[in-house]
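Novice: If it helps, the file is called query-v2.cif and holds mmCIF, C-alpha atoms and all ligand atoms:
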```
data_data
loop_
_atom_site.label_atom_id
_atom_site.label_comp_id
_atom_site.auth_asym_id
_atom_site.auth_seq_id
_atom_site.Cartn_x
_atom_site.Cartn_y
_atom_site.Cartn_z
CA MET A 8 181.02 120.71 86.28
CA MET A 9 178.52 119.02 84.02
CA VAL A 10 179.56 118.24 80.48
CA ARG A 11 176.66 117.79 78.12
CA ASP A 12 176.75 115.92 74.90
CA PRO A 13 173.95 117.58 72.99
CA LYS A 14 172.55 116.19 69.80
CA GLU A 15 173.54 117.96 66.65
CA PRO A 16 171.15 120.90 66.24
CA GLY A 17 168.31 120.09 63.91
CA THR A 18 168.58 116.28 64.16
CA ASP A 19 165.35 116.02 66.18
CA ASP A 20 162.60 117.42 63.98
CA HIS A 21 160.02 117.97 66.70
CA ARG A 22 161.98 119.76 69.39
CA GLY A 23 161.29 123.22 67.99
CA CYS A 24 163.73 126.07 68.28
CA GLY A 25 163.86 129.62 69.58
CA PRO A 26 163.51 130.75 73.21
CA LEU A 27 160.76 129.00 75.20
CA ILE A 28 158.98 132.02 76.66
CA ALA A 29 156.26 131.33 79.20
CA PRO A 30 152.86 132.39 77.81
CA LEU A 31 152.36 135.24 80.29
CA SER A 32 155.83 136.63 80.62
CA GLU A 33 157.01 140.17 79.96
CA GLN A 34 156.53 140.00 76.19
CA THR A 35 152.85 139.22 76.48
CA ARG A 36 151.89 141.38 79.43
CA PRO A 37 148.07 141.61 79.47
CA LEU A 38 146.81 144.76 77.80
CA ARG A 39 144.90 145.96 80.85
CA GLN A 40 148.11 145.83 82.86
CA GLN A 41 149.88 147.81 80.15
CA VAL A 42 147.04 150.36 80.10
CA PHE A 43 147.08 150.77 83.88
CA GLU A 44 150.87 151.12 84.02
CA ARG A 45 150.87 153.67 81.20
CA VAL A 46 148.22 155.78 83.00
CA ARG A 47 150.18 155.56 86.25
CA ALA A 48 153.44 156.56 84.57
CA ALA A 49 151.86 159.45 82.63
CA GLY A 50 150.06 160.98 85.61
CA LEU A 51 147.25 162.22 83.37
CA ILE A 52 146.67 160.97 79.83
CA PRO A 53 143.76 161.28 77.36
CA ARG A 54 142.35 158.03 75.90
CA VAL A 55 143.38 158.98 72.35
CA GLN A 56 146.99 159.36 73.36
CA LEU A 57 146.89 156.11 75.34
CA ALA A 58 145.71 154.23 72.23
CA LYS A 59 148.43 155.86 70.16
CA GLU A 60 151.23 155.11 72.62
CA LEU A 61 150.21 151.48 73.11
CA ALA A 62 149.51 151.03 69.38
CA VAL A 63 146.05 149.56 69.99
CA SER A 64 142.63 150.57 68.72
CA PRO A 65 140.75 153.37 70.53
CA ALA A 66 137.87 150.88 71.00
CA SER A 67 140.08 148.46 73.00
CA VAL A 68 141.32 151.34 75.13
CA THR A 69 137.74 152.47 75.80
CA THR A 70 136.69 148.97 76.88
CA ILE A 71 139.69 148.41 79.13
CA THR A 72 139.68 151.86 80.72
CA GLN A 73 135.95 151.44 81.45
CA GLU A 74 136.74 148.17 83.25
CA LEU A 75 139.51 149.86 85.23
CA ILE A 76 137.20 152.77 86.14
CA GLU A 77 134.52 150.32 87.30
CA ALA A 78 137.13 148.47 89.36
CA GLY A 79 137.92 151.81 91.04
CA LEU A 80 141.58 151.81 89.96
CA ILE A 81 141.57 154.80 87.60
CA GLU A 82 139.30 157.79 87.15
CA GLU A 83 138.40 160.48 84.65
CA VAL A 84 139.83 163.90 85.36
CA ALA A 85 138.96 167.15 83.60
CA ALA A 86 142.15 168.52 82.07
CA PRO A 87 142.40 171.90 80.34
CA ARG A 88 142.97 171.63 76.60
CA ASP A 89 146.14 173.08 75.15
CA GLY A 90 145.55 176.64 73.91
CA ASP A 91 141.94 176.46 75.01
CA GLN A 92 142.17 179.38 77.45
CA GLY A 93 139.29 177.99 79.46
CA ARG A 94 136.76 178.13 76.60
CA GLY A 95 134.68 175.14 75.63
CA ARG A 96 134.43 171.75 77.24
CA PRO A 97 137.60 170.64 79.09
CA ALA A 98 139.27 167.52 77.70
CA VAL A 99 138.93 164.34 79.73
CA ALA A 100 142.11 162.62 80.83
CA LEU A 101 142.64 159.46 82.84
CA GLY A 102 144.61 159.23 86.08
CA VAL A 103 145.13 156.66 88.82
CA ARG A 104 142.50 156.98 91.57
CA SER A 105 144.89 158.00 94.30
CA GLY A 106 142.60 157.01 97.18
CA ALA A 107 142.01 153.49 95.83
CA HIS A 108 144.79 152.00 97.94
CA LEU A 109 147.36 153.16 100.47
CA VAL A 110 150.62 151.34 101.10
CA ALA A 111 153.57 151.70 103.46
CA GLY A 112 157.25 151.37 102.63
CA MET A 113 159.83 150.71 105.34
CA LYS A 114 163.57 150.38 105.50
CA LEU A 115 165.23 148.77 108.49
CA SER A 116 168.91 149.54 108.92
CA ASP A 117 171.71 149.50 111.45
CA ARG A 118 171.32 153.16 112.24
CA GLU A 119 167.63 153.96 111.91
CA HIS A 120 164.30 152.69 110.69
CA THR A 121 162.35 154.78 108.19
CA ALA A 122 158.83 154.57 106.82
CA VAL A 123 156.60 156.34 104.32
CA ILE A 124 152.93 156.01 103.43
CA VAL A 125 152.02 156.73 99.82
CA ASP A 126 148.70 156.69 97.99
CA PHE A 127 147.91 154.62 94.89
CA SER A 128 149.32 157.30 92.59
CA GLY A 129 152.61 157.32 94.54
CA ARG A 130 152.08 160.60 96.40
CA LEU A 131 153.65 160.88 99.82
CA ILE A 132 151.10 160.98 102.68
CA ALA A 133 153.37 160.71 105.74
CA ASP A 134 156.88 159.70 106.78
CA ASP A 135 158.70 158.84 109.98
CA VAL A 136 162.21 158.00 111.22
CA ILE A 137 163.22 156.14 114.37
CA SER A 138 166.89 156.13 115.41
CA ARG A 139 168.25 152.96 116.96
CA ARG A 140 171.31 151.46 118.54
CA PRO A 141 173.35 149.56 115.94
CA GLY A 142 173.45 145.78 116.01
CA ALA A 143 171.51 142.77 114.81
CA MET A 144 168.02 142.16 116.21
CA SER A 145 166.30 138.89 116.95
CA LEU A 146 163.24 138.19 114.79
CA PRO A 147 160.77 139.11 117.59
CA GLU A 148 162.68 142.39 118.16
CA LEU A 149 162.61 143.18 114.44
CA LEU A 150 158.87 142.47 114.21
CA ALA A 151 158.23 144.67 117.25
CA ALA A 152 160.28 147.47 115.64
CA MET A 153 158.20 147.19 112.45
CA ASP A 154 155.00 147.26 114.46
CA THR A 155 156.03 150.41 116.36
CA LEU A 156 157.18 152.15 113.18
CA LEU A 157 153.97 151.26 111.35
CA THR A 158 151.75 152.47 114.19
CA ARG A 159 153.66 155.76 114.39
CA VAL A 160 153.66 156.55 110.68
CA CYS A 161 149.97 155.63 110.41
CA ALA A 162 149.15 157.92 113.37
CA LYS A 163 150.95 160.77 111.59
CA ALA A 164 148.73 160.23 108.55
CA GLY A 165 145.58 159.95 110.69
CA LEU A 166 145.22 156.30 109.67
CA THR A 167 145.37 152.85 111.21
CA PRO A 168 147.32 149.94 109.71
CA ARG A 169 143.97 148.48 108.65
CA ASP A 170 143.59 151.32 106.13
CA LEU A 171 146.63 150.01 104.21
CA THR A 172 146.59 147.38 101.47
CA ALA A 173 150.22 146.20 101.66
CA ILE A 174 153.67 146.92 103.01
CA GLY A 175 157.04 146.92 101.24
CA LEU A 176 160.05 146.23 103.43
CA GLY A 177 163.75 146.70 102.71
CA VAL A 178 166.56 145.11 104.70
CA PRO A 179 170.27 144.91 103.92
CA GLY A 180 171.72 141.53 103.00
CA PHE A 181 170.78 138.53 100.89
CA VAL A 182 167.05 138.45 100.24
CA ASP A 183 165.02 136.14 98.03
CA CYS A 184 162.29 138.60 97.09
CA GLU A 185 159.96 136.08 95.47
CA GLN A 186 159.97 133.75 98.47
CA GLY A 187 160.11 136.59 101.01
CA MET A 188 163.13 134.89 102.59
CA VAL A 189 165.98 136.74 104.26
CA LEU A 190 168.96 134.40 103.87
CA TRP A 191 171.31 136.71 105.75
CA SER A 192 171.01 140.29 106.97
CA SER A 193 173.15 142.51 109.18
CA VAL A 194 169.98 143.63 111.04
CA LEU A 195 168.83 140.09 111.86
CA VAL A 196 170.49 137.56 114.17
CA GLU A 197 168.79 134.53 112.62
CA ARG A 198 169.56 133.23 109.14
CA GLY A 199 167.12 131.85 106.59
CA VAL A 200 164.07 133.66 107.97
CA ALA A 201 160.70 133.64 106.16
CA LEU A 202 160.38 137.33 106.99
CA SER A 203 157.55 138.12 104.62
CA GLN A 204 155.38 135.45 106.24
CA ALA A 205 156.35 136.35 109.82
CA ALA A 206 155.77 140.08 109.27
CA SER A 207 152.43 139.49 107.49
CA ALA A 208 151.26 137.38 110.44
CA ARG A 209 152.33 140.02 112.96
CA LEU A 210 150.96 143.08 111.11
CA GLY A 211 147.91 141.51 109.49
CA LEU A 212 148.86 142.82 106.04
CA PRO A 213 150.71 141.39 103.04
CA VAL A 214 154.42 142.26 103.45
CA HIS A 215 156.82 142.15 100.48
CA VAL A 216 160.51 142.02 101.34
CA ASP A 217 163.50 142.91 99.20
CA ASN A 218 167.16 143.76 99.46
CA ASP A 219 167.61 147.46 100.26
CA ALA A 220 169.85 148.10 97.23
CA ASN A 221 167.10 146.79 94.94
CA LEU A 222 164.65 149.12 96.64
CA VAL A 223 166.78 152.23 96.21
CA THR A 224 167.06 151.20 92.54
CA LEU A 225 163.28 150.83 92.39
CA ALA A 226 162.97 154.33 93.90
CA GLU A 227 165.15 155.73 91.08
CA LEU A 228 163.07 153.76 88.53
CA TRP A 229 159.71 154.93 89.91
CA PHE A 230 160.43 158.43 91.21
CA GLY A 231 163.95 159.48 90.24
CA ALA A 232 166.57 159.74 87.51
CA GLY A 233 165.84 156.28 86.09
CA ARG A 234 162.20 156.79 85.07
CA ALA A 235 163.00 157.21 81.39
CA LEU A 236 166.03 154.90 81.22
CA SER A 237 165.83 151.28 80.13
CA ASP A 238 169.20 150.09 81.49
CA PHE A 239 171.01 151.62 84.44
CA ALA A 240 172.89 150.66 87.60
CA VAL A 241 172.64 151.97 91.16
CA VAL A 242 175.64 151.34 93.40
CA THR A 243 175.08 151.92 97.10
CA ILE A 244 177.71 152.45 99.74
CA GLU A 245 176.44 152.21 103.29
CA HIS A 246 177.38 149.62 105.87
CA GLY A 247 178.12 147.40 102.88
CA VAL A 248 178.35 147.87 99.11
CA GLY A 249 175.24 146.98 97.15
CA MET A 250 174.02 147.23 93.62
CA GLY A 251 170.72 147.19 91.80
CA PHE A 252 170.42 146.86 88.05
CA VAL A 253 167.54 147.80 85.79
CA LEU A 254 167.31 145.80 82.57
CA ASN A 255 164.68 146.85 80.09
CA HIS A 256 162.82 148.98 82.70
CA ARG A 257 162.67 146.11 85.25
CA ILE A 258 164.82 145.20 88.22
CA TYR A 259 167.13 142.34 87.27
CA ARG A 260 166.97 139.68 89.99
CA GLY A 261 169.03 136.75 88.75
CA ALA A 262 167.93 133.14 88.40
CA LYS A 263 167.58 132.50 92.15
CA GLY A 264 166.36 135.94 93.16
CA LEU A 265 169.81 136.99 94.35
CA GLY A 266 172.65 138.34 92.26
CA MET A 267 174.04 141.84 91.90
CA GLU A 268 176.30 141.41 94.92
CA LEU A 269 178.85 143.89 93.65
CA GLY A 270 180.23 144.27 97.19
CA HIS A 271 181.39 140.65 97.15
CA THR A 272 182.97 140.64 93.72
CA LYS A 273 186.69 140.16 94.15
CA VAL A 274 189.06 143.02 93.50
CA GLN A 275 192.13 141.43 95.10
CA LEU A 276 193.22 137.79 95.20
CA ASP A 277 193.79 136.72 98.85
CA GLY A 278 193.04 140.31 99.86
CA ALA A 279 191.47 141.87 102.95
CA LEU A 280 189.00 139.80 104.95
CA CYS A 281 185.35 140.60 104.25
CA ARG A 282 182.47 140.15 106.70
CA CYS A 283 181.08 137.47 104.33
CA GLY A 284 184.05 135.32 105.37
CA GLN A 285 185.88 135.49 102.04
CA ARG A 286 188.86 137.61 101.06
CA GLY A 287 189.44 140.39 98.57
CA CYS A 288 185.80 141.53 98.21
CA LEU A 289 185.21 145.13 97.05
CA GLU A 290 183.28 145.72 100.26
CA ALA A 291 186.34 144.85 102.34
CA TYR A 292 188.02 147.97 100.88
CA VAL A 293 185.17 150.44 100.47
CA ALA A 294 182.44 149.84 103.08
CA ASP A 295 182.33 151.78 106.32
CA TYR A 296 183.83 148.98 108.41
CA ALA A 297 186.77 148.81 105.98
CA LEU A 298 187.41 152.56 106.32
CA ALA A 299 187.10 152.27 110.11
CA ARG A 300 189.60 149.40 110.16
CA GLU A 301 192.12 151.43 108.18
CA ALA A 302 191.54 154.48 110.36
CA THR A 303 192.16 152.63 113.61
CA THR A 304 195.41 151.18 112.22
CA ALA A 305 196.88 154.06 110.22
CA LEU A 306 195.96 156.83 112.63
CA ASN A 307 196.52 154.75 115.72
CA TRP A 308 192.99 155.37 116.92
CA SER A 309 191.34 152.94 119.20
CA HIS A 310 187.81 152.03 118.21
CA LYS A 311 186.07 151.77 121.55
CA GLU A 312 183.49 149.08 122.03
CA GLY A 313 180.05 150.59 121.47
CA GLN A 314 181.44 153.72 119.78
CA SER A 315 179.42 154.56 116.71
CA ILE A 316 181.18 153.84 113.44
CA ASN A 317 179.61 157.06 112.16
CA VAL A 318 181.46 159.12 114.77
CA LEU A 319 184.72 157.46 113.76
CA LEU A 320 184.14 158.05 110.04
CA GLU A 321 183.07 161.66 110.58
CA SER A 322 186.32 162.22 112.45
CA LEU A 323 188.30 160.55 109.65
CA TYR A 324 186.56 162.78 107.11
CA ASP A 325 187.26 165.93 109.16
CA HIS A 326 190.95 164.95 109.32
CA ALA A 327 191.04 164.41 105.55
CA LYS A 328 189.44 167.80 104.92
CA ALA A 329 191.95 169.43 107.29
CA GLY A 330 194.77 168.04 105.15
CA ASN A 331 195.80 164.94 107.14
CA THR A 332 197.70 162.87 104.56
CA ALA A 333 196.99 159.48 106.15
CA ALA A 334 193.25 160.21 106.38
CA ARG A 335 193.16 161.39 102.77
CA SER A 336 195.01 158.37 101.49
CA ILE A 337 192.50 156.06 103.21
CA PHE A 338 189.63 157.61 101.25
CA ARG A 339 191.68 157.78 98.03
CA ARG A 340 192.63 154.12 98.28
CA ALA A 341 189.00 153.14 98.90
CA GLY A 342 188.09 155.32 95.90
CA ARG A 343 190.56 153.45 93.69
CA TYR A 344 188.98 150.13 94.61
CA LEU A 345 185.57 151.64 93.94
CA ALA A 346 186.90 152.63 90.50
CA VAL A 347 187.83 148.98 89.85
CA GLY A 348 184.31 147.87 90.87
CA LEU A 349 182.60 150.51 88.71
CA SER A 350 184.75 149.74 85.66
CA ASN A 351 183.69 146.08 86.01
CA VAL A 352 180.05 147.18 86.03
CA VAL A 353 180.65 149.21 82.85
CA ASN A 354 182.47 146.34 81.15
CA LEU A 355 179.81 143.78 82.07
CA PHE A 356 176.56 145.69 81.60
CA ASP A 357 177.14 148.78 79.45
CA PRO A 358 174.60 150.82 81.48
CA SER A 359 173.38 154.21 80.24
CA LEU A 360 173.89 155.70 83.71
CA ILE A 361 175.50 154.71 87.01
CA ILE A 362 173.99 156.30 90.11
CA LEU A 363 176.08 156.27 93.28
CA SER A 364 173.77 156.40 96.27
CA GLY A 365 173.89 156.07 100.02
CA GLU A 366 174.97 157.99 103.03
CA ARG A 367 178.71 157.49 102.45
CA MET A 368 178.48 159.58 99.29
CA ARG A 369 178.95 162.58 101.54
CA TYR A 370 182.59 161.49 101.66
CA ASP A 371 183.45 163.07 98.34
CA TYR A 372 187.03 161.76 98.39
CA LEU A 373 185.54 158.39 97.45
CA TYR A 374 184.61 159.71 94.02
CA ALA A 375 187.21 162.42 93.52
CA ALA A 376 188.11 163.33 89.93
CA GLU A 377 191.03 160.90 89.93
CA THR A 378 188.73 158.02 91.01
CA LEU A 379 186.43 158.69 88.08
CA ALA A 380 189.41 159.07 85.73
CA GLU A 381 190.71 155.71 86.95
CA MET A 382 187.33 154.11 86.28
CA GLU A 383 187.39 155.50 82.73
CA HIS A 384 190.89 154.14 82.30
CA LEU A 385 189.90 150.64 83.49
CA ALA A 386 186.74 150.40 81.40
CA ILE A 387 187.33 149.00 77.92
CA SER A 388 188.05 151.60 75.32
CA THR A 389 185.52 151.55 72.49
CA GLY A 390 185.82 155.10 71.29
CA ARG A 391 182.31 155.72 72.63
CA PRO A 392 181.72 157.86 75.72
CA LYS A 393 181.60 156.07 79.10
CA PRO A 394 178.29 156.18 81.00
CA PRO A 395 177.82 159.28 83.14
CA ILE A 396 178.03 158.85 86.92
CA GLU A 397 175.59 160.73 89.13
CA ILE A 398 175.88 161.08 92.88
CA HIS A 399 172.62 160.94 94.83
CA ALA A 400 173.36 161.50 98.49
CA TRP A 401 169.71 161.19 99.46
CA GLY A 402 168.54 160.07 102.83
CA ASP A 403 166.91 156.89 103.99
CA LEU A 404 163.46 158.14 103.00
CA LEU A 405 164.39 157.40 99.39
CA TRP A 406 164.92 153.76 100.35
CA ALA A 407 161.53 153.68 102.09
CA HIS A 408 160.00 155.17 98.92
CA GLY A 409 161.49 152.26 97.00
CA ALA A 410 159.86 149.87 99.47
CA ALA A 411 156.53 151.65 98.89
CA ALA A 412 157.03 151.27 95.12
CA LEU A 413 157.52 147.52 95.66
CA ALA A 414 154.24 147.39 97.60
CA LEU A 415 152.42 149.44 94.91
CA SER A 416 153.66 147.22 92.11
CA GLU A 417 152.72 144.04 94.02
CA VAL A 418 149.23 145.42 94.74
CA SER A 419 148.59 146.45 91.14
CA GLU A 420 150.01 143.17 89.78
CA ARG A 421 147.63 141.28 92.06
CA LEU A 422 144.61 143.42 91.15
CA LEU A 423 145.31 143.21 87.43
CA ALA A 424 146.48 139.60 87.30
CA PRO A 425 145.01 137.58 84.43
CA SER A 426 143.63 134.97 86.87
CA ARG A 427 141.30 137.66 88.23
CA GLU A 428 140.23 138.48 84.71
CA ILE A 429 139.33 134.85 84.16
CA ALA A 430 137.69 134.58 87.57
CA ALA A 431 135.54 137.63 86.80
CA GLN A 432 134.22 136.15 83.57
ZN ZN B 501 182.52 139.55 100.87
#
```
Just give me the structure of the file as structure tokens.

Specialist:
Amino acid sequence: MMVRDPKEPGTDDHRGCGPLIAPLSEQTRPLRQQVFERVRAAGLIPRVQLAKELAVSPASVTTITQELIEAGLIEEVAAPRDGDQGRGRPAVALGVRSGAHLVAGMKLSDREHTAVIVDFSGRLIADDVISRRPGAMSLPELLAAMDTLLTRVCAKAGLTPRDLTAIGLGVPGFVDCEQGMVLWSSVLVERGVALSQAASARLGLPVHVDNDANLVTLAELWFGAGRALSDFAVVTIEHGVGMGFVLNHRIYRGAKGLGMELGHTKVQLDGALCRCGQRGCLEAYVADYALAREATTALNWSHKEGQSINVLLESLYDHAKAGNTAARSIFRRAGRYLAVGLSNVVNLFDPSLIILSGERMRYDYLYAAETLAEMEHLAISTGRPKPPIEIHAWGDLLWAHGAAALALSEVSERLLAPSREIAAQ
């Protein structure tokens, strides 16, 4: 631990004070970026309203939208006026030019690989799913799987990979999104892989990689329940337990591009062994391998080598539904640990909504009424209502949509970056 001996505040007259915000950070996002993002979020919006919402002069909006039209990023669309009943000239609204760019989003997982292609306005063009045998892949195997998936989904859309501008890719595990590095993933044998670089070289397109929990959060932020919320959490339960957090309408990524590892927060000192090597992690009580471990012990089932964990969990769930006390108590116990984890999220972040997502949400015992009551009980009592919890048991395509949103945001950031503005002058 480093102990600093700072000078008394105010003793150095020229140090300045107040946060040192980089000149082009969030607070000073270039206006053309703000204009483009507002048009994209609105779907269709007249110039007058755009100026009003962004609190800028109509003249600035006219100049910037003209630039964006000339760059082929947005277009004018005739929109019927309210109460016009088809008489007179239709009003002109602005929308994103959907054909300007196409991107793919992919999610690689233990069970299956999924992909979507979306246009520049976020509309789905094609999707595809490939089932696979569980287990980690070597990097060449993973790149080959991406290649096959990309070729297939492009063929479905009547496209070739060359028609795409970028790819977003989600993998489970620890991912440094900015560097495109996968530090550890359950789908990859190697550690510390520059996956973004390797995949770009193989596929001939820019590939942006992120943790799959961040991508499902991005999907909620771009397409789902989180579009109008500034601060919310998404907790995923799949092979592991993940979390994504949106802070002021942006994904929070931590100082080193990691963070939000809710699954490895400790809920028991010296507790059950987790696959990260430590003990007492939330994941070691809630994730599918934890449920499988309990099932094989409590119910005296043998987990055969190569037997799918899904088959085992389905069987456990069927037993619980049929009234088997041991099977029920396994889910209930996991649910109680989940309640501890969720109450910690509430106490730390005060989100306006918590979304529970992932395939395991089909196991409703995990979030039975008593689990949610326990979470309420463990969260600090302020007299104010606790955040609502929504269950989104959507499929893997949602995760691929999040990956596509990552690709779309990277493409538009690049196209609208201030350096291009300067370069164009
Ligand atoms: Zn752990």

Novice: List all protein, DNA and RNA residues that have at least one atom no more than 10 Å from any atom of ligand ZN 501 (chain B), counting all atoms listed in the file, and write them as an MDAnalysis selection string.

Specialist: chainID A and resid 247:248 268:273 279:291

Novice: Which residues of range 262-315 of chain A come within 10 Å of range 213-230 of chain A, and for each one, what is the closest pair of atoms and their distance in Å to one decimal, counting all atoms listed in the file, sorted by chain and residue number, as CSV?

Specialist:
```
residue,atom,partner,partner_atom,distance
A:Gly264,CA,A:Asp217,CA,9.7
A:Leu265,CA,A:Asn218,CA,8.9
A:Met267,CA,A:Asn221,CA,9.1
A:Glu268,CA,A:Ala220,CA,9.6
```

Novice: Could you tell me how far CA of Phe181 in chain A sits from CA of Leu320 in chain A, in Å to one decimal place?

Specialist: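 Here the two named atoms are 25.4 Å from each other.
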
Novice: Please provide as a list in words all residues within 6 Å of range 406-423 of chain A, with the sequence filter that same-chain residues fewer than 2 positions apart are discarded (counting all atoms listed in the file).

Specialist: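 In the requested form, the answer reads Gln40, Ala111, Gly112, Met113, Lys114, Ala122, Ala173, Ile174, Gly175, Leu176, Gly177, Leu222, Val223, Leu225, Ala226, Asp403 and Leu404 of chain A.
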
Novice: Quick one: of A:Thr378, A:Ser203, A:Thr155, A:Ser145, who's nearest to Ala341 in chain A, counting all atoms listed in the file?

Specialist: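 Under the stated criterion, the closest residue is A:Thr378.
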